[in-house]
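Report on the structure given below.
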Amino acid sequence: MKEAYRKDFELVRKALKGDKFAFGVLVRQYQDQVAKTVVGMLGQTQEAEDTGQEVFIRFYKSMDQYKGDSSLGTYLTRIAINLSLNEIKKQKNKKTGSLHKIEYQLHTEEPAEKRDTQEVVEKALQQLEPDFRSVIVLRMIEGYSTKETAEMLKLPLGTVLSRLSRAQQKLKEILKKDFLL
Amino acid sequence: MDELKELLIRSFDETLLPGEAEKLEKALLHSEELRREKKELEDMRRLLSEFSPSFDSDFSQSVLEKTAHIDEATDTGLYPLFKRFALGAVAAIVLLLVSVYFTDGTISTDAVLGLTDLTSDNLLLALSTF
């Protein structure tokens, strides 16, 4: 087991023995990483918040399956991207229209300009098709390699590369309209 | 130009073939438009890498409360009742097997089903009853 994963694995072992504090440490440590994936996919919505919580609940229920052979962040991101794609499918089937938008109240200590930029990027992402959005979120927001992105989405590398290329072209046009480029 | 833009986008995420890389390099030297395109792509990638949303401040608290409910359900729901019932059933089976062993000296299927003492008369009697 890699040294970097050992600390998380120890916390998982403690949490499995009922140590609530250890599980709390894991949640606080990885909630921002999970937020990048679910908010990137679902926007700043109540559904994103609920999906984020569901990621940790799923992990809690199956913690014994985590053997520490991959990064816990990657493990959680995998759950997060799958649950987000499921949520999008669910919304599509319901045909209720849009997700329940909640006010942008993140990083309130940050300057308004930066908050605005975050909001514009979030809205731009929502204009991409979910298949394109998922590769952008994993590759460009989470920073995974194209190979890791392909593995997480269970797609051929070529498909990921072509989606990345098309998604970037579209995203660039959207951001240009918003004067961010 | 479209082909060069495509090469440019690809160059960020994959290793181009030597011929393609050379072509792109030359085009970047000579084309102002392509250089501008490259700058825009770099800016976009920077914007995306800086995208850092977070959940509500009570997010971790909510998760911990939900996990506490899961634990409560496991401790007080039907699961412990089922567990007690299952343990009782296992204990009864073990006792039954022990008593069969002491009575018949074996725990074969015949002994468990009470067939070891069954004579042909008993069998005929049982069949005639039906």
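All residue names refer to the structure tokens as shown: chains lettered A, B, ... in order, residues numbered from 1 in each chain, ligands numbered from 1 in order.
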Show me which bits of chain B are within 12 Å of chain A, counting only C-alpha atoms, as a PyMOL selection string. chain B and resi 2+5-15+36-71+74
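For Phe102 (chain B), the residues within 12 Å (counting only C-alpha atoms, excluding itself and residues fewer than 5 positions away along the chain) are Leu95, Leu96, Leu97, Ile107, Ala111 and Val112 of chain B.
Checking B:Glu32, B:Lys26, B:Gly88, B:Val100 one by one against Thr116 (chain B), counting only C-alpha atoms, you find the shortest gap at B:Val100.
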Using DSSP on the backbone, list every residue of region 15-123 of chain B that comes out as helix (DSSP H, G or I), and give them as number ranges by chain. B: 18-30, 32-49, 59-76, 78-104, 109-113, 120-123
